[in-house]
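Participant: Following this line is input27.cif, made up of mmCIF, C-alpha atoms:
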```cif
data_upload
loop_
_atom_site.label_atom_id
_atom_site.label_comp_id
_atom_site.auth_asym_id
_atom_site.auth_seq_id
_atom_site.Cartn_x
_atom_site.Cartn_y
_atom_site.Cartn_z
CA MET W 27 25.32 -38.87 -30.99
CA ASN W 28 26.69 -41.53 -28.63
CA ARG W 29 29.63 -41.51 -26.27
CA ALA W 30 31.83 -43.52 -28.61
CA ALA W 31 31.57 -40.76 -31.21
CA VAL W 32 32.14 -37.82 -28.83
CA THR W 33 35.27 -36.86 -26.92
CA PRO W 34 35.94 -33.71 -24.88
CA TRP W 35 37.73 -32.38 -27.97
CA HIS W 36 34.39 -32.47 -29.81
CA LEU W 37 32.11 -31.22 -27.04
CA VAL W 38 34.27 -28.59 -25.33
CA PRO W 39 34.78 -26.19 -28.29
CA ALA W 40 31.13 -26.32 -29.35
CA GLY W 41 29.80 -26.07 -25.79
CA LEU W 42 32.24 -23.28 -25.02
CA ALA W 43 31.00 -21.36 -28.09
CA ILE W 44 27.32 -21.58 -27.12
CA VAL W 45 28.12 -20.51 -23.54
CA ALA W 46 30.20 -17.62 -24.92
CA ALA W 47 27.27 -16.53 -27.09
CA THR W 48 24.49 -16.93 -24.53
CA TYR W 49 26.25 -16.02 -21.29
CA GLY W 50 29.33 -13.98 -22.19
CA LEU W 51 27.60 -11.90 -24.89
CA ALA W 52 23.80 -12.11 -24.71
CA ARG W 53 23.58 -11.88 -20.95
CA TYR W 54 26.60 -10.12 -19.47
CA THR W 55 27.83 -7.68 -22.14
CA TYR W 56 25.01 -5.23 -21.43
CA GLY W 57 27.11 -3.78 -18.62
CA LEU W 58 30.06 -3.08 -20.93
CA PHE W 59 27.95 -0.89 -23.21
CA LEU W 60 25.91 0.69 -20.41
CA PRO W 61 27.68 4.10 -20.51
CA ASP W 62 27.24 4.34 -24.31
CA ILE W 63 23.60 3.23 -24.17
CA ARG W 64 22.97 5.63 -21.28
CA SER W 65 24.41 8.55 -23.25
CA ASP W 66 22.83 7.67 -26.60
CA LEU W 67 19.31 6.92 -25.38
CA GLY W 68 19.29 9.42 -22.50
CA LEU W 69 18.13 6.88 -19.93
CA SER W 70 18.53 7.25 -16.16
CA LEU W 71 20.51 4.89 -13.95
CA ASP W 72 17.44 3.41 -12.28
CA VAL W 73 15.75 2.75 -15.66
CA LEU W 74 18.91 1.08 -16.96
CA GLY W 75 19.06 -1.00 -13.80
CA LEU W 76 15.47 -2.11 -14.33
CA ILE W 77 16.21 -3.05 -17.95
CA GLY W 78 19.29 -4.96 -16.74
CA SER W 79 17.06 -6.93 -14.39
CA LEU W 80 14.94 -8.03 -17.35
CA SER W 81 17.86 -10.13 -18.57
CA TYR W 82 17.73 -12.11 -15.35
CA ALA W 83 13.92 -12.30 -15.46
CA GLY W 84 14.20 -13.85 -18.91
CA TYR W 85 16.77 -16.30 -17.61
CA LEU W 86 14.50 -17.35 -14.74
CA VAL W 87 11.62 -18.17 -17.05
CA ALA W 88 13.83 -19.98 -19.54
CA THR W 89 15.78 -22.03 -16.97
CA LEU W 90 12.63 -23.80 -15.87
CA ALA W 91 11.67 -24.50 -19.47
CA GLY W 92 15.18 -25.59 -20.47
CA SER W 93 15.53 -28.03 -17.58
CA VAL W 94 12.13 -29.63 -18.19
CA ILE W 95 12.64 -29.89 -21.96
CA ALA W 96 16.11 -31.39 -21.52
CA GLY W 97 14.82 -34.00 -19.08
CA SER W 98 12.00 -35.13 -21.36
CA LEU W 99 13.30 -34.49 -24.89
CA GLY W 100 17.06 -34.29 -24.45
CA PRO W 101 19.55 -31.40 -24.65
CA ARG W 102 19.38 -30.70 -28.40
CA LEU W 103 16.11 -28.75 -28.58
CA PRO W 104 16.72 -26.38 -25.62
CA VAL W 105 20.32 -25.70 -26.70
CA VAL W 106 19.16 -24.76 -30.21
CA LEU W 107 16.30 -22.65 -28.85
CA GLY W 108 18.75 -20.88 -26.55
CA GLY W 109 21.07 -20.08 -29.43
CA LEU W 110 18.19 -18.72 -31.50
CA ALA W 111 17.02 -16.57 -28.58
CA ALA W 112 20.51 -15.12 -28.23
CA THR W 113 20.62 -14.33 -31.94
CA ALA W 114 17.20 -12.67 -32.02
CA GLY W 115 17.60 -10.83 -28.71
CA MET W 116 20.94 -9.27 -29.60
CA ALA W 117 19.58 -8.28 -33.01
CA LEU W 118 16.74 -6.45 -31.25
CA ILE W 119 19.22 -4.63 -29.01
CA ALA W 120 21.10 -3.56 -32.13
CA ALA W 121 17.87 -2.22 -33.62
CA SER W 122 16.70 -0.34 -30.51
CA ARG W 123 16.14 3.40 -30.58
CA GLY W 124 14.39 3.68 -27.25
CA PRO W 125 13.83 1.89 -23.94
CA TRP W 126 11.03 -0.45 -25.04
CA LEU W 127 12.81 -2.28 -27.85
CA LEU W 128 16.00 -2.29 -25.79
CA ALA W 129 14.11 -3.90 -22.91
CA ALA W 130 12.57 -6.51 -25.22
CA GLY W 131 15.97 -7.39 -26.66
CA VAL W 132 17.62 -7.61 -23.24
CA PHE W 133 14.81 -9.86 -21.99
CA LEU W 134 14.94 -12.20 -25.00
CA ALA W 135 18.75 -12.36 -24.95
CA GLY W 136 18.54 -13.11 -21.23
CA THR W 137 16.43 -16.19 -21.89
CA SER W 138 19.16 -17.75 -24.04
CA PRO W 139 21.51 -19.12 -21.35
CA GLY W 140 18.53 -20.35 -19.35
CA LEU W 141 17.54 -22.53 -22.28
CA ALA W 142 20.99 -23.58 -23.47
CA TYR W 143 23.12 -23.88 -20.33
CA PRO W 144 21.40 -26.39 -17.97
CA PRO W 145 21.08 -29.06 -20.71
CA LEU W 146 24.85 -29.01 -21.19
CA SER W 147 25.22 -30.82 -17.86
CA ASP W 148 23.10 -33.65 -19.28
CA ALA W 149 25.20 -33.67 -22.45
CA VAL W 150 28.42 -33.97 -20.44
CA ALA W 151 26.99 -36.74 -18.24
CA ARG W 152 25.69 -38.67 -21.25
CA LEU W 153 28.52 -38.25 -23.73
CA ILE W 154 31.72 -37.98 -21.68
CA ALA W 155 33.39 -40.72 -19.60
CA ALA W 156 33.22 -40.19 -15.82
CA PRO W 157 36.92 -39.35 -15.20
CA GLN W 158 36.72 -36.51 -17.74
CA GLN W 159 33.34 -35.04 -16.80
CA ALA W 160 34.32 -32.40 -14.22
CA ARG W 161 37.14 -31.03 -16.37
CA THR W 162 34.96 -31.04 -19.51
CA TYR W 163 32.15 -29.19 -17.76
CA ALA W 164 34.52 -26.63 -16.20
CA LEU W 165 36.12 -25.89 -19.57
CA ILE W 166 32.70 -25.42 -21.21
CA ASN W 167 31.68 -23.15 -18.32
CA ALA W 168 34.68 -20.92 -19.11
CA GLY W 169 32.90 -19.99 -22.33
CA THR W 170 31.45 -17.02 -20.47
CA SER W 171 34.97 -15.62 -20.32
CA VAL W 172 35.50 -16.20 -24.03
CA GLY W 173 32.38 -14.15 -24.74
CA VAL W 174 33.59 -11.38 -22.45
CA ILE W 175 37.01 -11.42 -24.14
CA VAL W 176 35.39 -11.17 -27.57
CA ALA W 177 33.21 -8.25 -26.46
CA GLY W 178 36.10 -6.01 -25.42
CA PRO W 179 37.99 -5.81 -28.75
CA VAL W 180 34.72 -5.55 -30.66
CA ALA W 181 33.74 -2.60 -28.47
CA LEU W 182 37.09 -0.96 -29.23
CA LEU W 183 36.70 -1.54 -32.97
CA VAL W 184 33.21 -0.08 -33.22
CA ALA W 185 33.99 2.84 -30.87
CA ASP W 186 30.66 4.52 -30.05
CA ASP W 187 28.61 2.44 -32.50
CA TRP W 188 27.36 -0.03 -29.91
CA ARG W 189 24.55 -1.21 -32.21
CA LEU W 190 27.08 -2.59 -34.70
CA ALA W 191 28.72 -4.56 -31.90
CA TRP W 192 25.43 -6.19 -30.92
CA LEU W 193 24.76 -7.10 -34.55
CA ALA W 194 28.15 -8.84 -34.73
CA PHE W 195 27.38 -10.70 -31.51
CA ALA W 196 24.08 -11.91 -33.00
CA GLY W 197 25.99 -13.36 -35.95
CA PHE W 198 28.36 -15.20 -33.61
CA ALA W 199 25.39 -16.69 -31.74
CA ALA W 200 23.90 -17.99 -34.99
CA VAL W 201 27.16 -19.77 -35.86
CA ALA W 202 27.45 -21.29 -32.36
CA THR W 203 23.88 -22.58 -32.59
CA ALA W 204 24.51 -24.32 -35.91
CA TRP W 205 27.70 -25.89 -34.50
CA ASN W 206 25.98 -27.39 -31.45
CA ALA W 207 22.82 -28.73 -33.10
CA PRO W 208 24.28 -31.99 -34.48
CA LEU W 209 26.39 -32.70 -31.38
CA MET W 210 23.66 -32.58 -28.74
CA PRO W 211 21.88 -35.86 -27.86
CA ARG W 212 18.11 -36.33 -27.98
CA GLY W 213 15.78 -38.37 -25.79
CA PRO W 214 15.17 -38.27 -22.01
CA TYR W 215 18.04 -38.57 -19.55
CA PRO W 216 18.03 -42.21 -18.36
CA GLY W 217 19.23 -41.47 -14.82
CA VAL W 218 21.99 -43.14 -12.85
CA HIS W 219 19.80 -46.15 -12.07
CA GLY W 220 18.44 -46.68 -15.56
CA GLY W 221 15.24 -44.61 -15.47
CA PRO W 222 14.44 -40.90 -15.40
CA GLN W 223 13.88 -39.37 -11.97
CA PRO W 224 10.34 -37.91 -11.65
CA LEU W 225 10.37 -34.24 -10.70
CA ALA W 226 8.94 -33.69 -7.22
CA LEU W 227 9.39 -30.85 -4.72
CA PRO W 228 10.65 -33.06 -1.84
CA TRP W 229 13.30 -34.51 -4.17
CA LEU W 230 14.42 -31.01 -5.16
CA ILE W 231 14.20 -29.14 -1.83
CA ASN W 232 15.60 -30.99 1.17
CA ARG W 233 18.40 -30.88 3.72
CA ARG W 234 21.12 -31.75 1.20
CA SER W 235 20.10 -29.05 -1.27
CA LEU W 236 19.24 -26.09 1.00
CA PRO W 237 22.84 -24.89 1.55
CA LEU W 238 23.47 -25.14 -2.20
CA PHE W 239 20.36 -23.14 -3.03
CA ALA W 240 20.97 -20.48 -0.36
CA ALA W 241 24.56 -19.95 -1.49
CA ALA W 242 23.46 -19.74 -5.13
CA THR W 243 20.93 -17.01 -4.34
CA LEU W 244 23.43 -14.94 -2.34
CA PHE W 245 26.11 -15.29 -5.00
CA GLY W 246 23.65 -14.12 -7.65
CA LEU W 247 22.77 -11.05 -5.61
CA ALA W 248 26.42 -10.16 -5.08
CA THR W 249 27.79 -10.65 -8.57
CA ALA W 250 25.00 -9.04 -10.62
CA VAL W 251 25.95 -5.67 -9.11
CA TYR W 252 29.45 -6.03 -10.52
CA TRP W 253 28.40 -7.25 -13.97
CA THR W 254 25.84 -4.48 -14.41
CA PHE W 255 27.53 -1.45 -12.83
CA ALA W 256 31.31 -2.00 -12.64
CA VAL W 257 32.07 -0.17 -15.89
CA ASP W 258 29.67 2.65 -15.01
CA LEU W 259 31.24 3.04 -11.55
CA VAL W 260 34.76 3.20 -12.97
CA THR W 261 33.70 5.57 -15.76
CA HIS W 262 31.93 7.90 -13.32
CA HIS W 263 34.96 8.13 -11.02
CA GLY W 264 37.47 8.45 -13.85
CA GLY W 265 39.41 5.37 -12.81
CA LEU W 266 40.11 4.50 -16.44
CA PRO W 267 39.79 6.31 -19.79
CA ASP W 268 37.18 5.07 -22.27
CA ALA W 269 39.64 2.70 -23.95
CA GLY W 270 40.73 1.55 -20.51
CA THR W 271 37.24 0.37 -19.62
CA ARG W 272 37.30 -1.89 -22.68
CA ALA W 273 40.68 -3.23 -21.57
CA PHE W 274 39.21 -3.77 -18.09
CA TRP W 275 36.43 -5.89 -19.63
CA VAL W 276 38.86 -7.93 -21.73
CA LEU W 277 41.12 -8.48 -18.72
CA MET W 278 38.14 -9.64 -16.68
CA GLY W 279 37.22 -12.11 -19.40
CA ALA W 280 40.77 -13.37 -19.88
CA ALA W 281 41.13 -13.97 -16.15
CA GLY W 282 37.91 -15.95 -16.24
CA LEU W 283 39.63 -18.59 -18.35
CA LEU W 284 41.41 -19.59 -15.14
CA GLY W 285 38.00 -20.71 -13.90
CA GLY W 286 38.29 -23.60 -16.32
CA ALA W 287 40.50 -25.21 -13.67
CA ALA W 288 37.48 -25.76 -11.39
CA GLY W 289 37.32 -29.49 -12.06
CA ASP W 290 41.02 -30.03 -11.39
CA LEU W 291 40.91 -27.90 -8.22
CA VAL W 292 37.97 -29.88 -6.86
CA ARG W 293 39.71 -33.14 -7.62
CA ARG W 294 42.82 -32.01 -5.75
CA TYR W 295 41.57 -29.79 -2.91
CA GLY W 296 37.91 -30.72 -2.60
CA LEU W 297 34.82 -28.63 -3.25
CA ARG W 298 34.58 -27.08 0.22
CA GLY W 299 38.10 -25.65 0.33
CA THR W 300 38.02 -24.45 -3.27
CA PHE W 301 34.60 -22.85 -2.86
CA THR W 302 35.54 -21.05 0.36
CA ALA W 303 38.72 -19.57 -1.09
CA ALA W 304 36.99 -18.55 -4.32
CA VAL W 305 34.00 -16.73 -2.79
CA LEU W 306 36.26 -14.84 -0.37
CA ALA W 307 38.46 -13.76 -3.27
CA CYS W 308 35.34 -12.69 -5.19
CA ALA W 309 34.22 -10.61 -2.21
CA GLY W 310 37.66 -9.00 -2.15
CA ALA W 311 37.36 -8.08 -5.83
CA ILE W 312 33.97 -6.41 -5.30
CA LEU W 313 35.21 -4.59 -2.19
CA LEU W 314 38.32 -3.33 -3.99
CA LEU W 315 36.23 -1.67 -6.70
CA ALA W 316 33.95 -0.09 -4.10
CA VAL W 317 36.91 1.44 -2.25
CA CYS W 318 39.19 2.39 -5.17
CA PRO W 319 37.11 3.03 -8.32
CA HIS W 320 39.24 6.07 -9.21
CA THR W 321 42.68 4.40 -9.28
CA PRO W 322 43.74 2.30 -12.33
CA ALA W 323 45.84 -0.37 -10.59
CA PRO W 324 43.19 -1.46 -8.05
CA VAL W 325 40.49 -1.28 -10.74
CA LEU W 326 42.40 -3.63 -13.04
CA LEU W 327 43.28 -5.94 -10.13
CA SER W 328 39.61 -6.05 -9.15
CA GLY W 329 38.54 -6.95 -12.69
CA THR W 330 41.15 -9.70 -12.92
CA LEU W 331 40.19 -11.20 -9.57
CA PHE W 332 36.45 -10.97 -10.23
CA GLY W 333 36.71 -12.52 -13.68
CA ALA W 334 38.70 -15.49 -12.41
CA THR W 335 36.62 -16.14 -9.31
CA PHE W 336 33.20 -15.63 -10.91
CA ILE W 337 33.80 -18.29 -13.55
CA LEU W 338 35.45 -20.55 -10.98
CA VAL W 339 32.55 -20.29 -8.53
CA THR W 340 29.88 -20.87 -11.19
CA GLY W 341 31.82 -23.95 -12.23
CA LEU W 342 31.86 -25.09 -8.61
CA PHE W 343 28.10 -24.57 -8.35
CA GLY W 344 27.67 -26.76 -11.43
CA ILE W 345 29.79 -29.56 -9.95
CA TRP W 346 28.05 -29.22 -6.56
CA SER W 347 24.57 -29.37 -8.12
CA VAL W 348 25.27 -32.43 -10.30
CA HIS W 349 26.81 -34.18 -7.28
CA THR W 350 23.68 -33.35 -5.25
CA PHE W 351 21.23 -34.41 -7.99
CA PRO W 352 22.91 -37.24 -9.95
CA GLU W 353 19.54 -38.78 -10.83
CA ARG W 354 18.62 -35.84 -13.08
CA PRO W 355 21.54 -33.42 -13.50
CA SER W 356 19.83 -30.76 -15.62
CA ALA W 357 16.97 -30.38 -13.12
CA GLY W 358 19.22 -29.80 -10.11
CA PHE W 359 21.61 -27.77 -12.23
CA GLY W 360 18.75 -25.68 -13.58
CA ALA W 361 17.33 -25.07 -10.10
CA THR W 362 20.73 -23.92 -8.84
CA PHE W 363 21.29 -21.48 -11.68
CA PHE W 364 17.65 -20.39 -11.47
CA LEU W 365 18.36 -19.22 -7.92
CA ILE W 366 21.62 -17.53 -8.93
CA SER W 367 19.55 -15.61 -11.45
CA ALA W 368 16.78 -14.92 -8.94
CA GLY W 369 19.41 -13.03 -6.97
CA GLN W 370 20.71 -11.42 -10.15
CA LEU W 371 17.17 -10.37 -11.10
CA VAL W 372 16.72 -8.38 -7.90
CA ALA W 373 20.22 -6.96 -7.59
CA PRO W 374 20.47 -4.52 -10.55
CA THR W 375 17.20 -2.79 -9.68
CA VAL W 376 18.08 -2.52 -5.99
CA ALA W 377 21.64 -1.43 -6.78
CA GLY W 378 20.37 1.16 -9.27
CA LEU W 379 17.99 2.63 -6.68
CA LEU W 380 20.64 2.52 -3.97
CA GLY W 381 23.24 4.02 -6.29
CA ALA W 382 20.94 6.88 -7.29
CA ARG W 383 20.55 7.83 -3.62
CA LEU W 384 23.75 6.83 -1.81
CA GLY W 385 26.21 6.26 -4.67
CA LEU W 386 27.11 3.03 -6.44
CA ALA W 387 29.98 2.31 -4.03
CA SER W 388 27.41 1.55 -1.30
CA ALA W 389 25.82 -1.11 -3.49
CA PHE W 390 29.23 -2.70 -4.08
CA LEU W 391 29.94 -2.77 -0.33
CA LEU W 392 26.66 -4.60 0.24
CA ALA W 393 27.46 -7.02 -2.59
CA ALA W 394 30.87 -7.86 -1.07
CA THR W 395 29.20 -8.62 2.26
CA LEU W 396 26.71 -10.99 0.64
CA SER W 397 29.53 -12.88 -1.04
CA VAL W 398 31.22 -13.47 2.33
CA VAL W 399 27.97 -14.89 3.75
CA CYS W 400 28.26 -17.76 1.24
CA VAL W 401 31.28 -19.20 3.09
CA PRO W 402 29.49 -21.06 5.94
CA LEU W 403 27.13 -22.62 3.38
CA ALA W 404 29.92 -24.57 1.64
CA PRO W 405 29.29 -28.35 1.58
CA ARG W 406 30.58 -30.16 4.65
CA GLN W 407 31.14 -33.53 3.02
CA ALA W 408 34.26 -34.32 1.01
CA ILE W 409 33.43 -33.84 -2.68
CA HIS W 410 36.13 -34.47 -5.28
CA THR W 411 34.10 -35.58 -8.34
CA MET W 412 31.12 -34.36 -10.35
CA LEU W 413 29.03 -37.51 -9.78
CA PRO W 414 29.01 -39.36 -6.43
CA ALA W 415 31.54 -42.19 -6.33
CA THR W 416 28.80 -44.77 -5.74
CA ASP W 417 26.98 -43.79 -8.94
CA THR W 418 27.78 -44.87 -12.44
CA ASN W 419 27.15 -43.08 -15.67
CA PRO W 420 23.92 -43.84 -17.46
CA THR W 421 24.19 -45.96 -20.52
CA THR W 422 24.12 -44.17 -23.83
CA ALA W 423 23.28 -47.20 -25.90
CA GLY W 424 19.77 -45.98 -26.64
CA GLU W 425 20.64 -42.38 -27.45
CA ARG W 426 19.45 -40.97 -30.73
CA HIS W 427 20.95 -38.59 -33.23
#
```
Just give me the structure as structure tokens.
Facilitator:
Amino acid sequence: MNRAAVTPWHLVPAGLAIVAATYGLARYTYGLFLPDIRSDLGLSLDVLGLIGSLSYAGYLVATLAGSVIAGSLGPRLPVVLGGLAATAGMALIAASRGPWLLAAGVFLAGTSPGLAYPPLSDAVARLIAAPQQARTYALINAGTSVGVIVAGPVALLVADDWRLAWLAFAGFAAVATAWNAPLMPRGPYPGVHGGPQPLALPWLINRRSLPLFAAATLFGLATAVYWTFAVDLVTHHGGLPDAGTRAFWVLMGAAGLLGGAAGDLVRRYGLRGTFTAAVLACAGAILLLAVCPHTPAPVLLSGTLFGATFILVTGLFGIWSVHTFPERPSAGFGATFFLISAGQLVAPTVAGLLGARLGLASAFLLAATLSVVCVPLAPRQAIHTMLPATDTNPTTAGERH
């Protein structure tokens, strides 16, 4: 499909749906159902933390594959494969009666955003006019919040039957996959200068990219603790009743929709200022839950602040990565989110071990500190657009359906 046939009104709803399915549901909703899974299957906190890490391990493997496939064959195939992985993985979770099938489902579901998400940056760059790219990408990125919002009411409706919820999520992923398949372009990304950029380590890792990659890793470490253990921490300390934890999750997702403003904020205030304010606010949200997990008002405020800032910061990482690697957006984008997930892979296991010995609050305090360390890594140059001002969009004349 070429640019003339696609507007943000076509791409945003479909892209938002696949991000909701792969990120908001397949990857992050595990934490919402952790107390129910823990009770039903009789698994310990450290085992559940290890299983949670498998989601991020799956993402790491798939991100490399998704970025390479998108660069050589176009976004359509990896996006469809990601949607199918989400569908199958969540169906396996629904069918699990013990740790092994649960682990397999969590791993497979975790691969889905790694396959589907990086190629969306190529789709935006190829199909959407330059002035609308940052806003289009940021709105698609907010799909994580839509998935989180969907998960909360479904969890309330099914009560303790968490398997039924995962089956419903698998159905949603199948629909999102079918919606995206005809929209996504095929064929290699032509690059800003008319030819695809060969992948090489010096092109990927250099002075311009090191701060981006370091910040991505730290942010992944910090935020995975919250996604995996926030509900369990609040439940353990009695900060909210069972229904309240579902409301907490929905509130977190709804607040994340504010992260769709990332493109507009960068255009107005620049990437550095927006990034600095957002990661500090995210650190505050994590710290608040560590200090006050037993009091409803701070718990709900923490969820609201975390939901908004997490989606905002991931949107900023997307804009930062495409600006840094305009020659091959999905490769730089994939590397950035690979490193976010490298941090997220390690964090649940470490937090589970730390929580079993010192209490989960200690893991949250460490996570808040790591988020603050991201601040001095913010880009020093003035960045107000997704692609550098000197670059032009690649032609789409040769794109195939």
Participant: Could you tell me how far atom CA of W:Gly109 sits from atom CA of W:Ala204, in Å to one decimal place?
Facilitator: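 Distance between the two atoms: 8.5 Å.
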Participant: Starting from the PyMOL selection byres ((chain W and resi 231-234) around 12), expand the selection into actual residues of this file and give them as a list in words.
Facilitator: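 When the PyMOL selection byres ((chain W and resi 231-234) around 12) is applied, the selected residues are Leu225, Ala226, Leu227, Pro228, Trp229, Leu230, Ser235, Leu236, Pro237, Leu238, Phe239, Ala240, Trp346, Ser347, His349, Thr350, Phe351, Ala357, Gly358, Ala361, Thr362, Leu403, Ala404, Pro405, Arg406 and Gln407 of chain W.
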Participant: Applying the PyMOL selection byres ((chain W and resi 214) around 6) to the file I just gave you, which residues come out? Please list them as a VMD selection string.
Facilitator: chain W and resid 97 to 100 213 215
Participant: For the point (19.2, -26.2, -25.4) in file coordinates, what residues are within 7 Å, counting only C-alpha atoms? Give the answer as number ranges by chain?
Facilitator: W: 92, 101-108, 141-143, 145
Participant: Given all atoms listed in the file, how would the per-residue table for stretch 332-387 of chain W near stretch 277-291 of chain W read, listing every residue at most 12 Å away with its closest atom pair and distance in Å to one decimal, sorted by chain and number, as JSON lines?
Facilitator:
```
{"residue": "W:Phe332", "atom": "CA", "partner": "W:Met278", "partner_atom": "CA", "distance": 6.8}
{"residue": "W:Gly333", "atom": "CA", "partner": "W:Met278", "partner_atom": "CA", "distance": 4.4}
{"residue": "W:Ala334", "atom": "CA", "partner": "W:Gly282", "partner_atom": "CA", "distance": 3.9}
{"residue": "W:Thr335", "atom": "CA", "partner": "W:Gly285", "partner_atom": "CA", "distance": 6.6}
{"residue": "W:Phe336", "atom": "CA", "partner": "W:Gly282", "partner_atom": "CA", "distance": 7.1}
{"residue": "W:Ile337", "atom": "CA", "partner": "W:Gly285", "partner_atom": "CA", "distance": 4.9}
{"residue": "W:Leu338", "atom": "CA", "partner": "W:Gly285", "partner_atom": "CA", "distance": 3.9}
{"residue": "W:Val339", "atom": "CA", "partner": "W:Gly285", "partner_atom": "CA", "distance": 7.7}
{"residue": "W:Thr340", "atom": "CA", "partner": "W:Gly285", "partner_atom": "CA", "distance": 8.6}
{"residue": "W:Gly341", "atom": "CA", "partner": "W:Ala288", "partner_atom": "CA", "distance": 6.0}
{"residue": "W:Leu342", "atom": "CA", "partner": "W:Ala288", "partner_atom": "CA", "distance": 6.3}
{"residue": "W:Phe343", "atom": "CA", "partner": "W:Ala288", "partner_atom": "CA", "distance": 9.9}
{"residue": "W:Gly344", "atom": "CA", "partner": "W:Ala288", "partner_atom": "CA", "distance": 9.9}
{"residue": "W:Ile345", "atom": "CA", "partner": "W:Gly289", "partner_atom": "CA", "distance": 7.8}
{"residue": "W:Trp346", "atom": "CA", "partner": "W:Gly289", "partner_atom": "CA", "distance": 10.8}
```
Participant: For stretch 118-130 of chain W, please output as number ranges by chain all residues within 12 Å (counting all atoms listed in the file; exclusion window: fewer than 5 positions along the same chain).
Facilitator: W: 51-53, 55-56, 59-60, 63-70, 73-84, 111-113, 135-137, 187-197
Participant: Go through W:Thr321, W:Thr33, W:Ser397, W:Thr271 and flag the residue nearest W:Leu182, using only C-alpha atoms for the distances.
Facilitator: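 Closest to W:Leu182, using only C-alpha atoms: W:Thr271.
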